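Just work25.cif here, mmCIF, C-alpha atoms:
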```cif
data_target
#
loop_
_atom_site.group_PDB
_atom_site.id
_atom_site.type_symbol
_atom_site.label_atom_id
_atom_site.label_comp_id
_atom_site.auth_asym_id
_atom_site.auth_seq_id
_atom_site.Cartn_x
_atom_site.Cartn_y
_atom_site.Cartn_z
ATOM 1 C CA MET A 23 60.061 58.754 44.973
ATOM 2 C CA LEU A 24 60.057 55.284 43.435
ATOM 3 C CA LYS A 25 62.546 54.135 46.055
ATOM 4 C CA LYS A 26 60.234 55.281 48.836
ATOM 5 C CA ILE A 27 57.311 53.422 47.292
ATOM 6 C CA TYR A 28 59.415 50.239 47.058
ATOM 7 C CA MET A 29 60.329 50.655 50.696
ATOM 8 C CA LEU A 30 56.661 50.931 51.592
ATOM 9 C CA VAL A 31 55.909 47.714 49.703
ATOM 10 C CA PHE A 32 58.693 45.827 51.486
ATOM 11 C CA LEU A 33 57.568 47.206 54.827
ATOM 12 C CA LEU A 34 53.993 46.061 54.243
ATOM 13 C CA ILE A 35 55.050 42.615 53.008
ATOM 14 C CA GLY A 36 57.205 42.203 56.129
ATOM 15 C CA GLN A 37 54.284 43.354 58.216
ATOM 16 C CA ALA A 38 51.921 40.931 56.469
ATOM 17 C CA LEU A 39 54.259 37.977 57.088
ATOM 18 C CA THR A 40 54.091 38.539 60.829
ATOM 19 C CA LEU A 41 50.301 38.585 60.615
ATOM 20 C CA VAL A 42 49.915 35.087 59.220
ATOM 21 C CA ALA A 43 51.000 33.557 62.542
ATOM 22 C CA GLN A 44 48.001 31.743 63.928
ATOM 23 C CA ASP A 45 46.210 32.635 67.109
ATOM 24 C CA SER A 46 46.355 29.663 69.488
ATOM 25 C CA VAL A 47 45.033 31.195 72.698
ATOM 26 C CA GLY A 48 41.289 30.995 73.157
ATOM 27 C CA ALA A 49 40.724 29.737 69.638
ATOM 28 C CA GLN A 50 39.477 26.306 70.718
ATOM 29 C CA ASN A 51 35.824 27.000 71.412
ATOM 30 C CA VAL A 52 35.113 29.627 68.815
ATOM 31 C CA GLU A 53 34.227 28.585 65.327
ATOM 32 C CA MET A 54 36.552 30.263 62.889
ATOM 33 C CA ALA A 55 37.298 29.603 59.252
ATOM 34 C CA ASP A 56 40.738 28.214 60.040
ATOM 35 C CA ARG A 57 40.273 25.160 57.827
ATOM 36 C CA PHE A 58 38.946 27.342 55.061
ATOM 37 C CA ARG A 59 42.076 29.440 55.105
ATOM 38 C CA ALA A 60 44.353 26.434 55.625
ATOM 39 C CA ASP A 61 42.862 24.664 52.615
ATOM 40 C CA GLY A 62 43.652 27.668 50.534
ATOM 41 C CA LYS A 63 40.150 28.387 49.294
ATOM 42 C CA ILE A 64 40.240 31.858 50.798
ATOM 43 C CA TYR A 65 42.778 32.696 48.100
ATOM 44 C CA VAL A 66 39.967 32.389 45.595
ATOM 45 C CA VAL A 67 38.041 35.088 47.446
ATOM 46 C CA ILE A 68 41.113 37.307 47.619
ATOM 47 C CA PHE A 69 41.659 36.689 43.907
ATOM 48 C CA VAL A 70 38.092 37.685 43.075
ATOM 49 C CA LEU A 71 38.095 40.777 45.281
ATOM 50 C CA GLY A 72 41.562 41.701 44.043
ATOM 51 C CA THR A 73 40.301 41.496 40.469
ATOM 52 C CA ILE A 74 37.372 43.754 41.306
ATOM 53 C CA LEU A 75 39.623 46.241 43.101
ATOM 54 C CA LEU A 76 42.092 46.187 40.213
ATOM 55 C CA GLY A 77 39.286 46.749 37.724
ATOM 56 C CA LEU A 78 37.890 49.689 39.667
ATOM 57 C CA ILE A 79 41.333 51.231 40.076
ATOM 58 C CA LEU A 80 42.082 50.873 36.361
ATOM 59 C CA TYR A 81 38.740 52.554 35.681
ATOM 60 C CA VAL A 82 39.680 55.471 37.934
ATOM 61 C CA VAL A 83 43.167 55.660 36.354
ATOM 62 C CA ARG A 84 41.616 55.890 32.893
ATOM 63 C CA LEU A 85 39.231 58.598 34.075
ATOM 64 C CA ASP A 86 42.214 60.447 35.566
ATOM 65 C CA ARG A 87 44.086 60.245 32.246
ATOM 66 C CA LYS A 88 41.051 61.449 30.292
ATOM 67 C CA ILE A 89 40.597 64.463 32.549
ATOM 68 C CA THR A 90 44.325 65.263 32.361
ATOM 69 C CA LYS A 91 44.121 65.151 28.557
ATOM 70 C CA LEU A 92 41.046 67.397 28.538
ATOM 71 C CA GLU A 93 42.843 69.858 30.813
ATOM 72 C CA LYS A 94 45.782 69.984 28.420
ATOM 73 C CA ASP A 95 43.511 70.444 25.400
ATOM 74 C CA LEU A 96 41.593 73.289 27.005
ATOM 75 C CA LYS A 97 44.680 75.217 28.043
ATOM 76 C CA MET B 17 49.149 67.391 45.327
ATOM 77 C CA ILE B 18 46.113 67.381 43.055
ATOM 78 C CA ARG B 19 48.103 66.637 39.897
ATOM 79 C CA GLN B 20 50.839 64.473 41.397
ATOM 80 C CA ASN B 21 50.767 60.720 41.104
ATOM 81 C CA TRP B 22 52.869 59.177 43.868
ATOM 82 C CA TRP B 23 50.073 59.211 46.453
ATOM 83 C CA LYS B 24 47.802 57.390 44.027
ATOM 84 C CA ILE B 25 50.360 54.560 43.823
ATOM 85 C CA VAL B 26 50.541 54.555 47.625
ATOM 86 C CA CYS B 27 46.737 54.345 47.720
ATOM 87 C CA VAL B 28 46.658 51.282 45.435
ATOM 88 C CA ILE B 29 49.432 49.540 47.411
ATOM 89 C CA LEU B 30 47.678 50.190 50.736
ATOM 90 C CA LEU B 31 44.345 48.925 49.403
ATOM 91 C CA PHE B 32 45.859 45.683 48.134
ATOM 92 C CA TYR B 33 47.729 45.304 51.426
ATOM 93 C CA THR B 34 44.436 45.761 53.290
ATOM 94 C CA LEU B 35 42.690 43.243 51.084
ATOM 95 C CA ILE B 36 45.348 40.514 51.157
ATOM 96 C CA ALA B 37 46.562 40.905 54.742
ATOM 97 C CA GLY B 38 42.995 41.577 55.822
ATOM 98 C CA PHE B 39 41.907 38.116 54.711
ATOM 99 C CA LEU B 40 45.053 36.134 55.436
ATOM 100 C CA GLY B 41 46.116 37.770 58.690
ATOM 101 C CA ALA B 42 45.170 36.084 61.937
ATOM 102 C CA VAL B 43 42.390 37.672 63.967
ATOM 103 C CA PRO B 44 41.196 37.135 67.531
ATOM 104 C CA ALA B 45 38.613 34.346 67.767
ATOM 105 C CA LYS B 46 35.441 35.838 69.228
ATOM 106 C CA PRO B 47 32.018 34.248 69.604
ATOM 107 C CA ILE B 48 29.192 35.739 67.487
ATOM 108 C CA LEU B 49 31.689 37.826 65.510
ATOM 109 C CA ASN B 50 33.721 34.878 64.171
ATOM 110 C CA GLU B 51 35.389 35.793 60.897
ATOM 111 C CA THR B 52 33.197 38.861 60.434
ATOM 112 C CA ILE B 53 35.655 40.720 62.661
ATOM 113 C CA ARG B 54 37.538 41.287 59.403
ATOM 114 C CA ASN B 55 34.827 43.774 58.445
ATOM 115 C CA LEU B 56 36.786 46.195 60.600
ATOM 116 C CA TYR B 57 39.074 46.829 57.632
ATOM 117 C CA PHE B 58 36.167 47.724 55.405
ATOM 118 C CA HIS B 59 33.112 48.864 57.386
ATOM 119 C CA VAL B 60 34.905 50.875 60.077
ATOM 120 C CA ALA B 61 37.367 52.251 57.513
ATOM 121 C CA MET B 62 34.390 53.741 55.620
ATOM 122 C CA TRP B 63 33.496 55.821 58.686
ATOM 123 C CA MET B 64 37.070 56.942 59.213
ATOM 124 C CA ALA B 65 37.278 57.989 55.568
ATOM 125 C CA MET B 66 33.940 59.816 55.910
ATOM 126 C CA MET B 67 35.121 61.764 58.950
ATOM 127 C CA ILE B 68 38.386 62.733 57.254
ATOM 128 C CA THR B 69 36.672 63.912 54.049
ATOM 129 C CA PHE B 70 34.092 65.863 56.080
ATOM 130 C CA ILE B 71 36.917 67.559 58.007
ATOM 131 C CA VAL B 72 38.607 68.505 54.712
ATOM 132 C CA SER B 73 35.267 69.814 53.437
ATOM 133 C CA LEU B 74 34.858 71.913 56.604
ATOM 134 C CA ILE B 75 38.336 73.409 56.177
ATOM 135 C CA TYR B 76 37.576 74.433 52.590
ATOM 136 C CA SER B 77 34.241 75.980 53.608
ATOM 137 C CA ILE B 78 36.039 78.091 56.218
ATOM 138 C CA LYS B 79 38.669 78.995 53.633
ATOM 139 C CA TYR B 80 35.924 80.021 51.225
ATOM 140 C CA LEU B 81 34.323 82.317 53.795
ATOM 141 C CA ARG B 82 37.712 83.903 54.525
ATOM 142 C CA THR B 83 38.824 84.429 50.926
ATOM 143 C CA ASN B 84 35.666 84.262 48.741
ATOM 144 C CA ASN B 85 37.665 82.167 46.274
ATOM 145 C CA PRO B 86 35.034 80.113 44.366
ATOM 146 C CA LEU B 87 37.529 77.276 43.908
ATOM 147 C CA PHE B 88 37.365 76.554 47.652
ATOM 148 C CA ASP B 89 33.593 76.256 47.390
ATOM 149 C CA ILE B 90 34.008 73.544 44.725
ATOM 150 C CA TYR B 91 36.510 71.742 46.968
ATOM 151 C CA ALA B 92 34.176 71.866 49.971
ATOM 152 C CA LEU B 93 31.223 70.607 47.927
ATOM 153 C CA GLU B 94 33.059 67.692 46.313
ATOM 154 C CA TYR B 95 34.680 66.538 49.561
ATOM 155 C CA ALA B 96 31.272 66.633 51.254
ATOM 156 C CA LYS B 97 29.810 64.517 48.441
ATOM 157 C CA THR B 98 32.554 61.919 48.803
ATOM 158 C CA GLY B 99 31.977 61.906 52.557
ATOM 159 C CA ILE B 100 28.279 61.240 51.987
ATOM 160 C CA VAL B 101 29.131 58.289 49.705
ATOM 161 C CA PHE B 102 31.433 56.834 52.363
ATOM 162 C CA GLY B 103 28.775 57.397 55.028
ATOM 163 C CA ALA B 104 26.118 55.670 52.918
ATOM 164 C CA LEU B 105 28.467 52.730 52.355
ATOM 165 C CA GLY B 106 29.145 52.689 56.104
ATOM 166 C CA VAL B 107 25.430 52.470 56.921
ATOM 167 C CA LEU B 108 24.839 49.767 54.299
ATOM 168 C CA THR B 109 27.817 47.612 55.275
ATOM 169 C CA GLY B 110 26.972 48.076 58.955
ATOM 170 C CA SER B 111 23.438 46.952 58.250
ATOM 171 C CA ILE B 112 24.666 43.819 56.447
ATOM 172 C CA TRP B 113 27.083 43.060 59.281
ATOM 173 C CA ALA B 114 24.307 43.594 61.843
ATOM 174 C CA ARG B 115 22.031 41.083 60.099
ATOM 175 C CA TRP B 116 24.388 38.210 60.955
ATOM 176 C CA THR B 117 25.586 39.416 64.340
ATOM 177 C CA TRP B 118 22.717 41.356 65.937
ATOM 178 C CA GLY B 119 20.000 39.432 64.085
ATOM 179 C CA ALA B 120 18.434 42.159 61.956
ATOM 180 C CA PHE B 121 19.445 44.531 59.198
ATOM 181 C CA TRP B 122 18.012 47.459 61.101
ATOM 182 C CA SER B 123 17.243 47.574 64.802
ATOM 183 C CA ASN B 124 16.879 51.340 65.429
ATOM 184 C CA ASP B 125 20.071 51.254 67.371
ATOM 185 C CA PRO B 126 21.205 54.719 68.586
ATOM 186 C CA LYS B 127 24.328 54.430 66.463
ATOM 187 C CA GLN B 128 22.399 53.526 63.333
ATOM 188 C CA LEU B 129 19.950 56.373 63.916
ATOM 189 C CA GLY B 130 22.715 58.860 64.704
ATOM 190 C CA ALA B 131 24.585 57.967 61.535
ATOM 191 C CA ILE B 132 21.426 58.276 59.434
ATOM 192 C CA ILE B 133 20.598 61.688 60.951
ATOM 193 C CA ALA B 134 24.138 62.930 60.307
ATOM 194 C CA LEU B 135 23.911 61.802 56.690
ATOM 195 C CA LEU B 136 20.507 63.439 56.196
ATOM 196 C CA ILE B 137 21.919 66.715 57.517
ATOM 197 C CA TYR B 138 24.710 66.470 54.959
ATOM 198 C CA LEU B 139 22.261 65.595 52.181
ATOM 199 C CA ALA B 140 20.386 68.788 53.056
ATOM 200 C CA TYR B 141 23.608 70.653 52.220
ATOM 201 C CA LEU B 142 23.296 69.498 48.601
ATOM 202 C CA VAL B 143 19.570 70.267 48.486
ATOM 203 C CA LEU B 144 20.102 73.709 49.989
ATOM 204 C CA ARG B 145 22.811 74.576 47.473
ATOM 205 C CA ASN B 146 20.707 73.527 44.528
ATOM 206 C CA SER B 147 17.786 75.645 45.739
ATOM 207 C CA MET B 148 19.731 78.826 44.956
ATOM 208 C CA THR B 149 20.556 80.205 41.529
ATOM 209 C CA ASP B 150 22.690 83.147 42.670
ATOM 210 C CA LEU B 151 26.200 81.671 42.616
ATOM 211 C CA ASP B 152 27.688 83.890 45.333
ATOM 212 C CA LYS B 153 24.753 83.357 47.636
ATOM 213 C CA ARG B 154 24.790 79.621 46.978
ATOM 214 C CA ALA B 155 28.484 79.346 47.830
ATOM 215 C CA ARG B 156 28.220 81.556 50.914
ATOM 216 C CA ILE B 157 25.108 79.993 52.456
ATOM 217 C CA GLY B 158 26.403 76.573 51.451
ATOM 218 C CA ALA B 159 29.671 77.176 53.286
ATOM 219 C CA VAL B 160 27.878 78.383 56.427
ATOM 220 C CA TYR B 161 25.525 75.406 56.322
ATOM 221 C CA ASN B 162 28.435 73.005 55.786
ATOM 222 C CA ILE B 163 30.025 74.267 59.000
ATOM 223 C CA PHE B 164 26.725 73.679 60.802
ATOM 224 C CA ALA B 165 26.465 70.184 59.282
ATOM 225 C CA PHE B 166 29.917 69.348 60.585
ATOM 226 C CA ALA B 167 28.976 70.658 64.018
ATOM 227 C CA MET B 168 25.998 68.287 63.974
ATOM 228 C CA LEU B 169 28.396 65.335 63.681
ATOM 229 C CA PHE B 170 29.375 65.964 67.307
ATOM 230 C CA PRO B 171 26.007 65.089 68.880
ATOM 231 C CA THR B 172 24.890 62.590 66.255
ATOM 232 C CA ILE B 173 27.909 60.347 65.922
ATOM 233 C CA TRP B 174 30.348 61.354 68.640
ATOM 234 C CA ILE B 175 28.381 62.284 71.788
ATOM 235 C CA ILE B 176 24.967 60.559 71.863
ATOM 236 C CA PRO B 177 26.365 57.124 70.853
ATOM 237 C CA ARG B 178 28.774 57.428 73.776
ATOM 238 C CA MET B 179 25.972 58.125 76.244
ATOM 239 C CA VAL B 180 23.397 55.445 75.549
ATOM 240 C CA GLU B 181 23.276 51.667 75.501
ATOM 241 C CA SER B 182 23.791 50.096 72.128
ATOM 242 C CA LEU B 183 24.212 46.772 70.396
ATOM 243 C CA HIS B 184 27.203 48.190 68.579
ATOM 244 C CA PRO B 185 30.637 47.361 70.031
ATOM 245 C CA GLY B 186 32.283 49.998 72.140
ATOM 246 C CA GLY B 187 29.105 51.131 73.844
ATOM 247 C CA MET B 188 29.591 53.678 76.617
ATOM 248 C CA GLY B 189 33.031 54.608 75.367
ATOM 249 C CA ASN B 190 34.541 54.699 71.960
ATOM 250 C CA PRO B 191 31.522 54.848 69.620
ATOM 251 C CA ALA B 192 33.116 52.911 66.766
ATOM 252 C CA LEU B 193 34.736 49.834 68.218
ATOM 253 C CA ASP B 194 35.673 48.125 71.417
ATOM 254 C CA THR B 195 39.451 48.391 71.521
ATOM 255 C CA ARG B 196 39.589 45.159 73.525
ATOM 256 C CA ASP B 197 38.130 43.244 70.582
ATOM 257 C CA ILE B 198 40.988 43.931 68.228
ATOM 258 C CA ASP B 199 44.642 43.177 68.802
ATOM 259 C CA SER B 200 47.912 44.570 67.509
ATOM 260 C CA ARG B 201 47.824 42.332 64.436
ATOM 261 C CA MET B 202 44.529 43.882 63.395
ATOM 262 C CA ARG B 203 45.715 47.372 64.244
ATOM 263 C CA ALA B 204 48.713 46.835 61.953
ATOM 264 C CA ILE B 205 46.308 46.451 59.044
ATOM 265 C CA PHE B 206 43.621 48.899 60.098
ATOM 266 C CA TYR B 207 45.583 52.066 60.885
ATOM 267 C CA PRO B 208 48.451 52.032 58.361
ATOM 268 C CA GLY B 209 46.538 50.136 55.644
ATOM 269 C CA ALA B 210 42.764 50.378 55.614
ATOM 270 C CA VAL B 211 42.198 53.923 56.915
ATOM 271 C CA PRO B 212 44.704 55.784 54.686
ATOM 272 C CA GLY B 213 44.044 53.421 51.752
ATOM 273 C CA TRP B 214 40.293 53.980 51.568
ATOM 274 C CA THR B 215 40.664 57.669 52.440
ATOM 275 C CA LEU B 216 43.178 58.219 49.631
ATOM 276 C CA LEU B 217 40.846 56.465 47.185
ATOM 277 C CA GLY B 218 38.150 58.928 48.256
ATOM 278 C CA VAL B 219 40.547 61.859 47.847
ATOM 279 C CA TRP B 220 41.514 60.580 44.402
ATOM 280 C CA ILE B 221 37.921 60.386 43.199
ATOM 281 C CA THR B 222 37.198 63.784 44.778
ATOM 282 C CA THR B 223 40.112 65.467 42.985
ATOM 283 C CA LEU B 224 38.857 64.004 39.696
ATOM 284 C CA ARG B 225 35.414 65.457 40.327
ATOM 285 C CA ILE B 226 36.925 68.830 41.276
ATOM 286 C CA ARG B 227 38.983 68.887 38.086
ATOM 287 C CA LEU B 228 35.913 67.987 36.051
ATOM 288 C CA THR B 229 33.876 70.805 37.650
ATOM 289 C CA VAL B 230 36.683 73.305 37.037
ATOM 290 C CA LEU B 231 36.911 72.164 33.415
ATOM 291 C CA SER B 232 33.186 72.443 32.773
ATOM 292 C CA GLU B 233 33.145 75.922 34.338
ATOM 293 C CA ARG B 234 36.048 76.970 32.155
ATOM 294 C CA MET B 235 34.182 75.728 29.095
ATOM 295 C CA GLU B 236 31.048 77.559 30.173
ATOM 296 C CA ASN B 237 33.024 80.765 30.627
ATOM 297 C CA ARG B 238 34.470 80.364 27.138
ATOM 298 C CA GLN B 239 31.034 79.880 25.671
ATOM 299 C CA THR B 240 29.561 82.942 27.363
ATOM 300 C CA ALA B 241 32.638 84.972 26.413
ATOM 301 C CA GLY B 242 32.251 83.804 22.817
ATOM 302 C CA ARG B 243 28.591 84.699 22.875
ATOM 303 C CA ARG B 244 29.403 88.154 24.195
ATOM 304 C CA VAL B 245 31.917 88.730 21.398
ATOM 305 C CA HIS B 246 29.351 87.524 18.914
ATOM 306 C CA GLU B 247 26.683 89.848 20.318
ATOM 307 C CA ALA B 248 29.067 92.795 20.360
ATOM 308 C CA ARG B 249 29.876 92.227 16.689
ATOM 309 C CA SER B 250 26.305 91.894 15.492
#
```

Exercise: express the given structure as structure tokens:
Amino acid sequence: MLKKIYMLVFLLIGQALTLVAQDSVGAQNVEMADRFRADGKIYVVIFVLGTILLGLILYVVRLDRKITKLEKDLK
Amino acid sequence: MIRQNWWKIVCVILLFYTLIAGFLGAVPAKPILNETIRNLYFHVAMWMAMMITFIVSLIYSIKYLRTNNPLFDIYALEYAKTGIVFGALGVLTGSIWARWTWGAFWSNDPKQLGAIIALLIYLAYLVLRNSMTDLDKRARIGAVYNIFAFAMLFPTIWIIPRMVESLHPGGMGNPALDTRDIDSRMRAIFYPGAVPGWTLLGVWITTLRIRLTVLSERMENRQTAGRRVHEARS
């Protein structure tokens, strides 16, 4: 199972690397946050949102553990 | 599946993939939309997750009517609740997105109205259930109503939005998005990452709620059984 999960991670990282390639066609006239991403400040946003997501997931994991424990106690 | 863990790990990986690739990945440059096109991974994924959880809820309602197993009624109810949460988040995020692309939070667009009507019909499912004290009747009528509520998704979010003009992308065709707006790079995040990631998070929370309901019912049964023993003794 763990092997399959690792494979999924590698697959997604490989996928993500192909996504970073910049779009050059038709990008001249439209205002996009290219500079923002190039300067690296978008990483701050990803960091913040990642922290929030991690916090929420840890919260759900703890809830999951508590319910599992309660289920065992009530058996 | 309810007590296994591997799919929860998959869910977390997919969500982080969506988040990181969703912000760093290149997107088509479109006027008006600009960088907000990235909302596809979050706003549109909410609707996909809502539809999937409503379909699961429908299946459990049908299963309940076929077997009368009260567990299936709990499943149907909790999946419907999660679907409503996703739908509410979809309306809210859509409204925020609309403010900076269409110019107003709410413009009585057919798609906004259809989504709101569909959600109200589902909210009535919860109200209807709570109006009954007889548990069998509540489960049975609830299941029948849930099937009707699902049927109402067809006109409200799948048919009418396809028939009328709208500000929302994909008017007169696909009601959710204009497939010409997104490219394969966005699809590679949306379909394998965002849709299953958010849906699995919903399933996870739903299974927790189901387990909690089952636990509290088991405790209630123990208490009434204890009371009965006590009464029989005295």

- Identify every residue of chain B that has at least one atom within 7 Å of any atom of chain A, counting only C-alpha atoms, and report the result as a list in words.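 Interface list for chain B against chain A: Val26, Tyr33, Ile36, Ala37, Leu40, Gly41, Ala42, Pro44, Ala45, Lys46, Pro47, Asn50, Glu51, Arg201, Leu224, Leu228 and Leu231 of chain B.
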
- Message: Which residues are near Leu169 (chain B)? Cut-off 10 Å, all atoms listed in the file, ignore same chain within fewer than 6 positions. Put them as a ChimeraX atom specification.
- Response: /B:67,70,130-131,133-135,137-138,175

- Separation of CA of Pro185 (chain B) from CA of Thr172 (chain B) in Å: 16.7 Å

- Message: I need the output of the PyMOL selection byres ((chain B and resi 71-88) around 10) for this file as a ChimeraX atom specification; which residues are they?
- Response: /B:65-70,89-99,151-152,155-167,219,226,229-230

- Quick one: pull the distance between CA of Phe102 (chain B) and CA of Thr215 (chain B), Å, one decimal. 9.3 Å

- Query: What does the distance between CA of Val28 (chain B) and CA of Met202 (chain B) come to in Å, to one decimal place?
  - Reply: 19.5 Å

- Is there a way to get, as an MDAnalysis selection string, all residues within 10 Å of the point (28.4, 42.9, 61.0) in file coordinates, counting all atoms listed in the file? chainID B and resid 48:49 51:56 59 109:119 121 184

- Item | Hits of the PyMOL selection byres ((chain B and resi 210-214) around 7) in this structure, as a ChimeraX atom specification | /B:27,30-31,34,57,61,64-65,205-209,215-218

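Proximity ranking of B:Leu183, B:Ala204, B:Ile198, B:Arg145 relative to Trp122 (chain B) places B:Leu183 first, based on all atoms listed in the file.
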
Hey, could you pull the box centre and edge lengths for region 110-113 of chain B, axis-aligned, 6 Å padding per side, all listed atoms, to one decimal in Å, as AutoDock Vina command-line options?
```
--center_x 25.3 --center_y 45.6 --center_z 57.9 --size_x 15.6 --size_y 17.0 --size_z 14.8
```

- Message: Taking all atoms listed in the file into account, name the residue in B:Ile100, B:Ile176, B:Met168, B:Ile132 that is nearest to Thr222 (chain B).
- Response: B:Ile100
